[in-house]
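Have a look at coords19.txt; it's compact mmCIF, C-alpha atoms (C1' of nucleotides):
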# COMPACT_ATOMS: atom_id res chain seq x y z
CA MET A 1 62.85 84.90 39.22
CA HIS A 2 63.44 84.36 42.94
CA ASP A 3 65.46 81.19 43.14
CA ARG A 4 66.69 78.32 41.04
CA ASP A 5 63.67 76.17 41.84
CA GLU A 6 61.26 78.76 40.58
CA LEU A 7 63.33 79.15 37.43
CA ILE A 8 63.28 75.43 36.78
CA SER A 9 59.55 75.19 37.17
CA GLU A 10 59.05 78.04 34.74
CA LEU A 11 61.32 76.20 32.33
CA GLY A 12 59.09 73.18 32.81
CA GLU A 13 56.02 75.14 31.84
CA ILE A 14 57.75 76.45 28.73
CA PHE A 15 58.73 72.94 27.65
CA ARG A 16 55.23 71.71 28.35
CA GLU A 17 53.74 74.30 26.04
CA ASN A 18 56.21 74.09 23.19
CA GLY A 19 57.84 70.72 23.49
CA PHE A 20 61.59 70.39 23.68
CA ALA A 21 62.37 71.00 20.01
CA GLY A 22 59.77 73.76 19.83
CA THR A 23 61.26 75.75 22.69
CA SER A 24 63.72 78.43 21.62
CA LEU A 25 66.29 80.21 23.71
CA SER A 26 64.62 83.47 22.81
CA GLU A 27 61.33 82.29 24.29
CA ILE A 28 63.16 81.20 27.40
CA THR A 29 64.83 84.58 27.82
CA ALA A 30 61.52 86.34 27.25
CA ARG A 31 59.53 84.20 29.70
CA THR A 32 62.12 83.98 32.46
CA GLY A 33 63.41 87.52 32.15
CA LEU A 34 66.93 86.12 32.20
CA GLY A 35 69.47 86.94 29.49
CA LYS A 36 71.58 84.36 27.77
CA GLY A 37 74.48 85.28 30.04
CA SER A 38 72.56 84.21 33.13
CA LEU A 39 70.99 81.21 31.50
CA TYR A 40 74.33 79.81 30.38
CA HIS A 41 75.80 80.65 33.75
CA PHE A 42 73.27 78.37 35.44
CA PHE A 43 73.14 75.80 32.67
CA PRO A 44 76.47 75.70 30.85
CA ASN A 45 75.19 72.97 28.54
CA GLY A 46 72.27 75.02 27.39
CA LYS A 47 68.82 73.79 26.52
CA SER A 48 69.41 70.14 27.16
CA GLU A 49 70.83 70.82 30.61
CA MET A 50 67.75 72.91 31.35
CA ALA A 51 65.54 69.99 30.38
CA GLU A 52 67.63 67.65 32.51
CA ALA A 53 67.11 69.94 35.47
CA VAL A 54 63.38 70.06 34.83
CA LEU A 55 63.17 66.28 34.60
CA HIS A 56 65.18 65.95 37.76
CA ASN A 57 62.80 68.30 39.55
CA ILE A 58 59.81 66.33 38.34
CA ASP A 59 61.39 63.12 39.52
CA ALA A 60 62.12 64.60 42.93
CA TRP A 61 58.53 65.80 43.25
CA PHE A 62 57.08 62.43 42.38
CA GLN A 63 59.50 60.61 44.63
CA GLU A 64 58.49 62.75 47.55
CA ASN A 65 54.79 63.17 46.91
CA VAL A 66 53.87 59.96 45.16
CA PHE A 67 56.37 57.11 45.14
CA ILE A 68 57.51 57.19 48.75
CA PRO A 69 53.99 57.56 50.19
CA LEU A 70 52.96 54.69 47.95
CA ARG A 71 55.72 52.49 49.29
CA GLU A 72 55.80 53.55 52.89
CA SER A 73 52.34 54.56 54.03
CA ASP A 74 51.17 52.50 56.97
CA ASP A 75 47.92 51.76 55.24
CA ALA A 76 48.61 50.93 51.59
CA LEU A 77 45.15 52.07 50.50
CA ASP A 78 45.74 55.45 52.12
CA GLY A 79 48.93 55.76 50.10
CA ILE A 80 46.98 55.06 46.94
CA ASP A 81 44.37 57.63 47.82
CA ASP A 82 47.14 60.12 48.41
CA MET A 83 48.58 59.28 45.01
CA PHE A 84 45.33 60.13 43.27
CA ALA A 85 45.07 63.38 45.16
CA ALA A 86 48.67 64.33 44.44
CA VAL A 87 48.34 63.43 40.76
CA ASN A 88 45.16 65.41 40.45
CA ALA A 89 46.86 68.42 41.98
CA TYR A 90 50.03 68.01 39.94
CA PHE A 91 48.23 67.85 36.62
CA ASP A 92 46.03 70.73 37.68
CA SER A 93 42.82 68.72 37.38
CA GLY A 94 43.55 67.94 33.76
CA ASN A 95 44.79 71.35 32.68
CA ARG A 96 48.46 70.45 32.65
CA ILE A 97 50.12 67.76 30.58
CA CYS A 98 52.78 65.27 31.61
CA LEU A 99 56.08 66.53 30.24
CA VAL A 100 57.68 63.12 30.54
CA GLY A 101 54.88 61.55 28.54
CA ALA A 102 55.24 64.22 25.88
CA PHE A 103 58.99 63.67 25.70
CA ALA A 104 58.40 59.94 25.37
CA LEU A 105 56.46 60.25 22.14
CA ASP A 106 59.04 61.68 19.76
CA ASN A 107 62.79 61.41 19.42
CA THR A 108 63.24 63.74 22.39
CA ARG A 109 62.89 60.52 24.33
CA ASP A 110 66.26 59.26 23.13
CA GLN A 111 68.03 62.29 24.55
CA PHE A 112 66.52 61.68 28.00
CA LEU A 113 65.98 57.97 27.85
CA GLN A 114 67.05 57.21 31.40
CA GLU A 115 64.83 59.84 32.98
CA VAL A 116 61.82 59.04 30.83
CA SER A 117 62.13 55.34 31.38
CA THR A 118 62.57 55.36 35.14
CA TYR A 119 59.86 57.92 35.76
CA PHE A 120 57.25 55.47 34.53
CA SER A 121 58.83 52.29 35.81
CA ASP A 122 59.27 53.79 39.28
CA TRP A 123 55.69 54.91 39.28
CA ILE A 124 54.33 51.56 38.21
CA SER A 125 56.47 49.60 40.62
CA ALA A 126 55.64 51.84 43.56
CA LEU A 127 51.94 51.58 42.79
CA ALA A 128 52.12 47.82 42.25
CA ASN A 129 53.84 47.55 45.58
CA ALA A 130 51.05 49.41 47.34
CA LEU A 131 48.40 47.34 45.61
CA LYS A 132 50.17 44.18 46.62
CA ARG A 133 50.36 45.35 50.21
CA SER A 134 46.67 46.09 50.08
CA GLY A 135 45.93 42.47 49.28
CA PHE A 136 46.18 41.93 45.55
CA ALA A 137 48.22 39.12 44.10
CA ALA A 138 51.54 40.27 42.67
CA ALA A 139 50.57 39.70 39.04
CA VAL A 140 47.22 41.43 39.47
CA ALA A 141 48.87 44.34 41.25
CA LYS A 142 51.41 44.78 38.48
CA SER A 143 48.74 44.71 35.82
CA MET A 144 46.47 47.14 37.65
CA ALA A 145 49.36 49.53 38.28
CA GLU A 146 50.22 49.57 34.60
CA GLU A 147 46.60 50.12 33.70
CA ILE A 148 46.28 53.04 36.09
CA VAL A 149 49.45 54.85 35.05
CA LEU A 150 48.66 54.40 31.40
CA GLY A 151 45.10 55.52 31.99
CA ILE A 152 46.37 58.73 33.51
CA GLN A 153 48.60 59.41 30.53
CA GLY A 154 45.85 58.66 28.06
CA ALA A 155 43.43 60.86 29.94
CA LEU A 156 45.86 63.77 29.71
CA VAL A 157 46.17 63.31 25.96
CA LEU A 158 42.43 63.05 25.46
CA ALA A 159 41.61 65.92 27.79
CA ARG A 160 43.92 68.23 25.89
CA SER A 161 42.67 67.09 22.53
CA GLN A 162 39.12 67.96 23.54
CA GLU A 163 40.04 70.98 25.62
CA ASP A 164 38.07 69.28 28.35
CA PRO A 165 39.94 68.70 31.60
CA LYS A 166 36.93 66.91 33.05
CA ILE A 167 37.91 63.89 31.00
CA PHE A 168 40.94 63.68 33.24
CA THR A 169 39.17 64.10 36.55
CA ARG A 170 36.50 61.59 35.71
CA THR A 171 39.12 59.09 34.57
CA LEU A 172 40.94 59.48 37.86
CA LYS A 173 37.70 58.82 39.68
CA ARG A 174 36.96 55.75 37.59
CA LEU A 175 40.41 54.27 38.14
CA GLN A 176 40.26 54.89 41.86
CA GLN A 177 36.79 53.43 41.98
CA ARG A 178 37.89 50.27 40.21
CA ILE A 179 40.47 49.48 42.86
CA ALA A 180 37.80 49.55 45.50
CA ALA A 181 35.45 47.48 43.35
CA THR A 182 37.98 44.77 42.57
CA ASP A 183 38.28 41.63 44.62
CA HIS A 184 41.02 41.99 47.17
CA ALA A 185 41.83 38.30 46.73
CA MET B 1 58.45 58.33 -4.20
CA HIS B 2 55.78 56.72 -6.38
CA ASP B 3 52.70 58.78 -5.75
CA ARG B 4 51.29 61.46 -3.52
CA ASP B 5 49.89 58.96 -1.04
CA GLU B 6 53.24 57.36 -0.49
CA LEU B 7 54.80 60.78 -0.04
CA ILE B 8 52.24 61.75 2.54
CA SER B 9 52.74 58.62 4.56
CA GLU B 10 56.49 59.15 4.59
CA LEU B 11 55.82 62.68 5.81
CA GLY B 12 53.70 61.16 8.54
CA GLU B 13 56.56 58.97 9.69
CA ILE B 14 58.90 61.94 9.76
CA PHE B 15 56.49 63.95 11.88
CA ARG B 16 55.99 60.98 14.18
CA GLU B 17 59.69 60.71 14.83
CA ASN B 18 60.52 64.38 15.22
CA GLY B 19 57.28 66.06 16.15
CA PHE B 20 55.98 68.98 14.12
CA ALA B 21 58.33 71.64 15.46
CA GLY B 22 61.25 69.24 15.40
CA THR B 23 60.85 68.40 11.73
CA SER B 24 62.97 70.52 9.41
CA LEU B 25 62.59 71.02 5.69
CA SER B 26 66.09 69.68 5.24
CA GLU B 27 65.14 66.40 6.90
CA ILE B 28 62.09 66.20 4.71
CA THR B 29 64.09 66.71 1.54
CA ALA B 30 66.64 64.13 2.69
CA ARG B 31 64.07 61.49 3.63
CA THR B 32 61.72 61.93 0.72
CA GLY B 33 64.37 62.54 -1.90
CA LEU B 34 62.37 65.53 -3.08
CA GLY B 35 63.89 68.99 -3.39
CA LYS B 36 62.29 72.12 -2.07
CA GLY B 37 61.04 72.90 -5.55
CA SER B 38 58.94 69.76 -5.66
CA LEU B 39 57.86 69.98 -2.07
CA TYR B 40 56.55 73.52 -2.47
CA HIS B 41 54.97 72.55 -5.75
CA PHE B 42 52.86 69.93 -3.97
CA PHE B 43 52.38 71.90 -0.77
CA PRO B 44 52.52 75.63 -1.52
CA ASN B 45 51.97 76.43 2.13
CA GLY B 46 54.95 74.44 3.26
CA LYS B 47 55.32 72.43 6.41
CA SER B 48 51.91 73.16 7.85
CA GLU B 49 50.19 72.13 4.64
CA MET B 50 52.17 68.90 4.72
CA ALA B 51 50.95 68.23 8.23
CA GLU B 52 47.39 69.03 7.18
CA ALA B 53 47.69 66.49 4.40
CA VAL B 54 49.06 63.89 6.80
CA LEU B 55 46.25 64.50 9.27
CA HIS B 56 43.70 64.28 6.48
CA ASN B 57 45.15 60.95 5.38
CA ILE B 58 45.01 59.62 8.91
CA ASP B 59 41.42 60.72 9.23
CA ALA B 60 40.52 59.04 5.95
CA TRP B 61 42.18 55.81 7.05
CA PHE B 62 40.36 55.73 10.36
CA GLN B 63 37.07 56.63 8.76
CA GLU B 64 37.36 53.75 6.35
CA ASN B 65 38.98 51.14 8.54
CA VAL B 66 37.64 51.96 11.96
CA PHE B 67 34.79 54.43 12.26
CA ILE B 68 32.55 53.19 9.46
CA PRO B 69 32.91 49.49 10.36
CA LEU B 70 32.15 50.47 13.93
CA ARG B 71 28.97 52.23 12.90
CA GLU B 72 27.76 50.01 10.10
CA SER B 73 28.80 46.43 10.78
CA ASP B 74 25.81 44.11 10.93
CA ASP B 75 27.02 42.67 14.19
CA ALA B 76 28.23 45.48 16.43
CA LEU B 77 30.60 43.20 18.31
CA ASP B 78 32.24 42.18 15.05
CA GLY B 79 32.82 45.82 14.27
CA ILE B 80 34.49 46.27 17.63
CA ASP B 81 36.71 43.24 17.06
CA ASP B 82 37.64 44.69 13.70
CA MET B 83 38.53 47.96 15.38
CA PHE B 84 40.96 46.28 17.73
CA ALA B 85 42.57 44.41 14.85
CA ALA B 86 42.81 47.55 12.72
CA VAL B 87 44.23 49.58 15.58
CA ASN B 88 46.78 46.93 16.38
CA ALA B 89 47.88 46.88 12.75
CA TYR B 90 47.91 50.65 12.43
CA PHE B 91 50.06 51.22 15.48
CA ASP B 92 52.31 48.35 14.39
CA SER B 93 51.68 46.34 17.55
CA GLY B 94 52.90 49.18 19.71
CA ASN B 95 55.90 50.24 17.65
CA ARG B 96 54.27 53.31 16.16
CA ILE B 97 52.88 56.27 18.02
CA CYS B 98 49.69 58.20 17.39
CA LEU B 99 50.62 61.40 15.62
CA VAL B 100 47.35 63.05 16.56
CA GLY B 101 47.92 62.28 20.21
CA ALA B 102 51.44 63.67 20.00
CA PHE B 103 50.17 66.85 18.34
CA ALA B 104 47.55 67.18 21.06
CA LEU B 105 50.10 67.50 23.84
CA ASP B 106 51.91 70.70 22.95
CA ASN B 107 50.96 73.92 21.22
CA THR B 108 51.03 72.16 17.86
CA ARG B 109 47.48 71.29 18.81
CA ASP B 110 46.33 74.85 18.38
CA GLN B 111 47.48 74.92 14.77
CA PHE B 112 45.45 71.79 13.96
CA LEU B 113 42.72 72.07 16.53
CA GLN B 114 39.87 70.95 14.30
CA GLU B 115 41.62 67.81 13.06
CA VAL B 116 42.94 66.83 16.48
CA SER B 117 39.63 67.37 18.17
CA THR B 118 37.43 65.51 15.69
CA TYR B 119 39.79 62.57 15.33
CA PHE B 120 39.18 61.63 18.95
CA SER B 121 35.56 62.66 19.20
CA ASP B 122 34.71 60.71 16.04
CA TRP B 123 36.47 57.68 17.37
CA ILE B 124 34.76 57.79 20.72
CA SER B 125 31.34 58.40 19.27
CA ALA B 126 31.68 55.63 16.69
CA LEU B 127 32.82 53.20 19.36
CA ALA B 128 30.12 54.28 21.77
CA ASN B 129 27.60 53.73 19.02
CA ALA B 130 28.78 50.16 18.45
CA LEU B 131 28.78 49.43 22.16
CA LYS B 132 25.27 50.74 22.43
CA ARG B 133 24.13 48.60 19.53
CA SER B 134 25.71 45.63 21.24
CA GLY B 135 23.50 46.11 24.25
CA PHE B 136 25.07 48.59 26.61
CA ALA B 137 23.13 51.51 27.98
CA ALA B 138 24.01 54.79 26.29
CA ALA B 139 25.81 56.25 29.29
CA VAL B 140 27.79 53.08 29.89
CA ALA B 141 28.71 52.85 26.22
CA LYS B 142 29.96 56.43 26.19
CA SER B 143 32.05 55.89 29.26
CA MET B 144 33.52 52.61 28.02
CA ALA B 145 34.36 54.14 24.66
CA GLU B 146 36.22 56.97 26.29
CA GLU B 147 38.07 54.55 28.51
CA ILE B 148 39.13 52.42 25.57
CA VAL B 149 40.35 55.25 23.36
CA LEU B 150 42.22 56.84 26.21
CA GLY B 151 43.67 53.50 27.18
CA ILE B 152 45.04 53.07 23.69
CA GLN B 153 46.68 56.48 23.80
CA GLY B 154 48.15 55.88 27.23
CA ALA B 155 49.46 52.49 26.18
CA LEU B 156 51.28 54.06 23.24
CA VAL B 157 52.93 56.59 25.54
CA LEU B 158 53.93 53.98 28.07
CA ALA B 159 55.12 51.47 25.47
CA ARG B 160 57.43 54.03 23.95
CA SER B 161 58.71 55.23 27.28
CA GLN B 162 59.72 51.68 28.16
CA GLU B 163 60.75 50.67 24.66
CA ASP B 164 58.36 47.79 25.14
CA PRO B 165 55.62 47.45 22.53
CA LYS B 166 54.13 44.51 24.41
CA ILE B 167 52.64 46.99 26.85
CA PHE B 168 50.47 48.12 23.97
CA THR B 169 49.40 44.70 22.76
CA ARG B 170 48.54 43.48 26.22
CA THR B 171 46.56 46.64 26.90
CA LEU B 172 44.58 46.09 23.73
CA LYS B 173 43.82 42.56 24.86
CA ARG B 174 42.77 43.71 28.30
CA LEU B 175 40.43 46.37 26.92
CA GLN B 176 38.88 43.95 24.48
CA GLN B 177 38.52 41.38 27.21
CA ARG B 178 36.74 43.81 29.46
CA ILE B 179 33.99 44.43 26.94
CA ALA B 180 33.23 40.73 26.84
CA ALA B 181 33.38 40.48 30.63
CA THR B 182 31.04 43.39 31.26
CA ASP B 183 27.34 42.95 31.71
CA HIS B 184 25.51 43.58 28.46
CA ALA B 185 22.66 45.15 30.42
C1' DC C 1 87.53 98.38 53.27
C1' DG C 2 89.23 95.20 49.36
C1' DT C 3 88.94 91.24 46.84
C1' DA C 4 87.02 87.20 45.07
C1' DT C 5 83.01 85.15 43.24
C1' DA C 6 78.43 85.13 41.34
C1' DC C 7 75.72 87.00 38.07
C1' DT C 8 74.28 89.60 33.93
C1' DG C 9 73.94 92.34 29.27
C1' DT C 10 75.56 92.78 24.81
C1' DA C 11 77.71 91.92 20.77
C1' DC C 12 78.77 88.47 17.94
C1' DC C 13 79.43 83.69 15.71
C1' DG C 14 78.47 80.17 11.96
C1' DA C 15 74.71 77.18 10.93
C1' DT C 16 70.31 76.32 9.93
C1' DC C 17 65.65 77.70 9.72
C1' DG C 18 61.26 78.08 6.52
C1' DG C 19 60.34 80.04 2.37
C1' DT C 20 60.81 82.27 -2.53
C1' DA C 21 62.21 82.91 -7.44
C1' DC C 22 62.85 81.09 -11.48
C1' DA C 23 64.99 78.73 -15.17
C1' DT C 24 65.28 74.08 -16.62
C1' DT C 25 63.77 69.52 -17.32
C1' DT C 26 60.33 66.03 -17.67
C1' DT C 27 55.86 64.44 -18.69
C1' DT C 28 51.31 64.82 -20.62
C1' DT C 29 48.18 66.37 -24.02
C1' DT C 30 46.93 67.68 -28.64
C1' DA D 1 56.25 67.13 -33.36
C1' DA D 2 54.58 71.19 -30.98
C1' DA D 3 52.62 73.20 -27.11
C1' DA D 4 51.09 73.10 -22.46
C1' DA D 5 51.49 71.57 -17.94
C1' DA D 6 53.70 69.33 -14.22
C1' DA D 7 57.66 68.61 -11.71
C1' DT D 8 62.28 69.68 -10.30
C1' DG D 9 67.14 71.70 -8.93
C1' DT D 10 69.56 75.51 -7.49
C1' DA D 11 70.66 79.73 -5.87
C1' DC D 12 69.26 82.83 -2.79
C1' DC D 13 66.58 85.51 0.99
C1' DG D 14 66.13 87.53 5.77
C1' DA D 15 65.31 85.68 10.21
C1' DT D 16 66.26 82.94 13.77
C1' DC D 17 68.60 79.15 15.69
C1' DG D 18 71.77 77.50 19.82
C1' DG D 19 75.88 78.86 21.60
C1' DT D 20 80.24 81.74 22.87
C1' DA D 21 83.16 85.61 24.51
C1' DC D 22 83.81 88.78 27.57
C1' DA D 23 83.50 93.07 29.85
C1' DG D 24 80.81 94.95 33.34
C1' DT D 25 78.08 94.89 37.58
C1' DA D 26 76.41 93.26 41.73
C1' DT D 27 76.99 90.49 45.85
C1' DA D 28 79.32 87.90 49.44
C1' DC D 29 83.03 87.42 52.27
C1' DG D 30 87.57 88.29 54.44

Translate this structure into structure tokens?
Amino acid sequence: MHDRDELISELGEIFRENGFAGTSLSEITARTGLGKGSLYHFFPNGKSEMAEAVLHNIDAWFQENVFIPLRESDDALDGIDDMFAAVNAYFDSGNRICLVGAFALDNTRDQFLQEVSTYFSDWISALANALKRSGFAAAVAKSMAEEIVLGIQGALVLARSQEDPKIFTRTLKRLQQRIAATDHA
Amino acid sequence: MHDRDELISELGEIFRENGFAGTSLSEITARTGLGKGSLYHFFPNGKSEMAEAVLHNIDAWFQENVFIPLRESDDALDGIDDMFAAVNAYFDSGNRICLVGAFALDNTRDQFLQEVSTYFSDWISALANALKRSGFAAAVAKSMAEEIVLGIQGALVLARSQEDPKIFTRTLKRLQQRIAATDHA
DNA sequence: CGTATACTGTACCGATCGGTACATTTTTTT
DNA sequence: AAAAAAATGTACCGATCGGTACAGTATACG
């Protein structure tokens, strides 16, 4: 494991596969090659601090690659296009789930409530902002943003259930298409 | 615990809250009031047989209350309306998650691949069938059905992440609305 | 160089894990 | 009532859980 960032993203993959409760320290030591000594040196609070770090990394990635472009791109529609491209890359064209969404579903959520909650609310508000800037009325923008974010989450669930990542990519296309097809007031 | 059915639905709630990996036998004995002796009498294969039973019960409920009405209602649009009502009731207006969707996200899926996979494919195909009967072209019906099922799953994720069940109910309304608003070929 | 600091491996902890064995109790059947 | 079957409580199993202690090693820095 080269650096801390690489370690944290490997931790993320482990949590994605097994869930938080389903991830054991022994799997972490096996997959990362790090002994408990090292692990607890980097994360004195153990498993939950590791998950915090992973969530923080995810947040930072989305801030940089999705939320800020959405809010600050000169052309709002360009920012939205960039979002779809970034999201498609991040979720590996439907082969990778959303860890935050997975955490949200069971009582893991309660342990990371702040992170889980703001991840989605930031996303929706950044996207609504871009839609508004692109000409939609505020209420319409808010509603569309919610629909898009939720559509992405649902597509990830369905894609995995069917072992068919194309469900995700075609959903992304449909959502993107609908923005273009909708009246820009 | 009156009967086996009541036991199985309590098991379902426990799995919903904790996930499969996060559910311990000790929590099950505490919540159901049944000792290990009884539990292993009813489910000789332990936790995974309990989950199988829960998934089977869910499937039976959806078959009866959703899939069959969708396929066999005299008026296809009535069947679809019934689906939305049944789904809203089942997911307790956004206060209850979809266990199958939750299982789909992590490696729990692999242990129940058949059940997870057919739950969604049955749902989509039954809904697509009703949409087709109501006048949509086959390809459109298939696409709409996928969009609706995935929208429901995404809404459950988002609602829980925000502790706001209204996200679910308003998504249901929007999806239902869109069927009416779309050209019936 | 020497010394402080960062990192790591190993042994160990009590608690809990899922599961088994089996005798006892309760219920059903005759 | 007697016998059979279903259901249950308890004690116990080895394995693994997350976490700690700490000595040892590597690395950075003066």

Checklist entry - Near chain B, which residues of chain D fall within 8 Å when you count only C-alpha atoms (C1' of nucleotides), and what do they look like as a PyMOL selection string? => result chain D and resi 7-9

Could you please take those selected residues and save C-alpha atoms (C1' of nucleotides) as an mmCIF file, keeping the file's coordinate frame?
data_model
loop_
_atom_site.group_PDB
_atom_site.id
_atom_site.type_symbol
_atom_site.label_atom_id
_atom_site.label_comp_id
_atom_site.auth_asym_id
_atom_site.auth_seq_id
_atom_site.Cartn_x
_atom_site.Cartn_y
_atom_site.Cartn_z
ATOM 1 C "C1'" DA D 7 57.660 68.610 -11.710
ATOM 2 C "C1'" DT D 8 62.280 69.680 -10.300
ATOM 3 C "C1'" DG D 9 67.140 71.700 -8.930
#

Next on the checklist: Would you compute the distance between atom CA of Ala76 of chain B and atom CA of Ser125 of chain B? Give it in Å to one decimal.
Outcome noted: 13.6 Å

Next on the checklist: Contacts from chain A to chain B, 10 Å maximum, all atoms listed in the file: show me the residue list as a PyMOL selection string.
Outcome noted: chain A and resi 15-23+96-110+113-121+143+146-163+167-168+170-171+174-175

Checklist entry - atom CA of Ile14 of chain B to atom C1' of DT25 of chain C: how many Å, to one decimal? => result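 Atom-to-atom, atom CA of Ile14 of chain B to atom C1' of DT25 of chain C, that is 28.5 Å.
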
Checklist entry - Please, which residues of chain B lie no more than 9 Å from chain C when the count uses all atoms listed in the file, and can they be set out as an NGL selection string? => result :B and (24-25 or 40 or 46-47)

Checklist entry - Between atom CA of Gln63 of chain A and atom CA of Asp78 of chain A, what is the spacing in Å? => result 16.5 Å

To box segment 11-28 of chain C, take all atoms listed in the file, fit an axis-aligned box, add 5 Å on each side, and give centre and edge lengths in Å to one decimal, as lines of an AutoDock Vina configuration file.
center_x = 65.4
center_y = 78.2
center_z = 0.1
size_x = 38.1
size_y = 37.5
size_z = 51.4
